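> Have a look at this one before I ask anything.
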Amino acid sequence: MTEECIFCRIASGELNTEFVAQNEHAVAFDDIAPAAPTHILVVPKQHISSLRELDDPIVAASLLGLAQQVAAERGLHDCGYRVVTNDGEGAGQTVFHLHFHVMGGRRLGPMA
Ligand code: AMP
């Protein structure tokens, strides 16, 4: 955990954020500025700055498994959903703790 990382503080429970779901390696919570009716962030409990630093296949499976789980639990299968991660400032990453956006709840537009 790094003291100044907001997602480390959320994932550790320090900020009392309500988790949508969690497993051994990852937590899921609602995005503070949703870009779709359902917009959940799935983040590792350990600090990993972005996708390029993810080298543990167990953590990778935990993250994707949790994304899949929350999409199903929020009923996103009917409308379809998108799972996105931004890696690097040039791709729009603003929080440098790996996270997957799970978005759905309406018809989504083109990728970029
Ligand atoms: P990115 O631009 O891909 O790094 O995404 C960062 C996301 O984190 C944005 O969608 C923000 O709205 C979201 N975000 C930032 N701070 C918080 C927070 N404290 N709680 C929930 N979501 C947050």
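Chain labels run A, B, ... following the order of the structure tokens; each chain numbers its residues from 1, and ligands are numbered from 1 in the order shown.
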Please run DSSP on the backbone and report, as an MDAnalysis selection string, all residues within chain A that come out as helix (DSSP H, G or I).

chainID A and resid 6:11 51:53 57:73 89:91

> Write to file, as an mmCIF file, in the first residue's frame, the residues of the selection just made, with C-alpha atoms.


```
data_model
loop_
_atom_site.group_PDB
_atom_site.id
_atom_site.type_symbol
_atom_site.label_atom_id
_atom_site.label_comp_id
_atom_site.auth_asym_id
_atom_site.auth_seq_id
_atom_site.Cartn_x
_atom_site.Cartn_y
_atom_site.Cartn_z
ATOM 1 C CA ILE A 6 -6.425 6.826 -3.383
ATOM 2 C CA PHE A 7 -7.242 3.332 -4.674
ATOM 3 C CA CYS A 8 -4.894 1.744 -2.109
ATOM 4 C CA ARG A 9 -6.790 3.633 0.573
ATOM 5 C CA ILE A 10 -10.145 2.514 -0.847
ATOM 6 C CA ALA A 11 -9.056 -1.113 -1.332
ATOM 7 C CA LEU A 51 -1.627 -3.074 -16.692
ATOM 8 C CA ARG A 52 1.997 -3.122 -17.839
ATOM 9 C CA GLU A 53 3.043 -3.944 -14.260
ATOM 10 C CA PRO A 57 -1.658 -14.583 -13.360
ATOM 11 C CA ILE A 58 -3.627 -15.270 -10.178
ATOM 12 C CA VAL A 59 -4.244 -11.557 -9.605
ATOM 13 C CA ALA A 60 -5.082 -11.145 -13.303
ATOM 14 C CA ALA A 61 -7.660 -13.926 -13.106
ATOM 15 C CA SER A 62 -9.082 -12.458 -9.885
ATOM 16 C CA LEU A 63 -9.540 -9.061 -11.513
ATOM 17 C CA LEU A 64 -11.231 -10.397 -14.634
ATOM 18 C CA GLY A 65 -13.282 -12.851 -12.614
ATOM 19 C CA LEU A 66 -14.552 -10.054 -10.392
ATOM 20 C CA ALA A 67 -15.377 -7.910 -13.448
ATOM 21 C CA GLN A 68 -17.342 -10.823 -14.883
ATOM 22 C CA GLN A 69 -19.115 -11.383 -11.552
ATOM 23 C CA VAL A 70 -20.234 -7.775 -11.024
ATOM 24 C CA ALA A 71 -21.431 -7.517 -14.644
ATOM 25 C CA ALA A 72 -23.609 -10.573 -14.116
ATOM 26 C CA GLU A 73 -24.848 -9.406 -10.701
ATOM 27 C CA GLU A 89 -1.373 9.196 -19.390
ATOM 28 C CA GLY A 90 -1.605 9.132 -23.174
ATOM 29 C CA ALA A 91 -4.447 6.614 -22.926
#
```

> Kindly work out which residues sit at most 12 Å from ligand 1, using only C-alpha atoms and all ligand atoms, and give the list as a PyMOL selection string.

chain A and resi 5-11+14-20+27-36+38-43+49-51+83-103

> Between atom CA of A:Pro44 and atom CA of A:Arg74, what is the spacing in Å?

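It comes out at 20.1 Å.
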
> For A:Arg107, which residue among A:Ala26, A:Cys79, A:Ala21, A:Leu54 is the nearest when counting only C-alpha atoms?

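Closest candidate: A:Cys79.
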
> May I ask for the distance between atom CA of A:Glu4 and atom CA of A:His25, given in Å to one decimal place?

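So the two atoms, atom CA of A:Glu4 and atom CA of A:His25, lie 20.1 Å apart.
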
> Could you tell me, as JSON, numbers by chain, which residues of chain A DSSP assigns to strand (DSSP E or B) when given the backbone?

{"A": [21, 22, 26, 27, 28, 29, 30, 38, 39, 40, 41, 42, 43, 44, 81, 82, 83, 84, 100, 101, 102, 103, 104]}
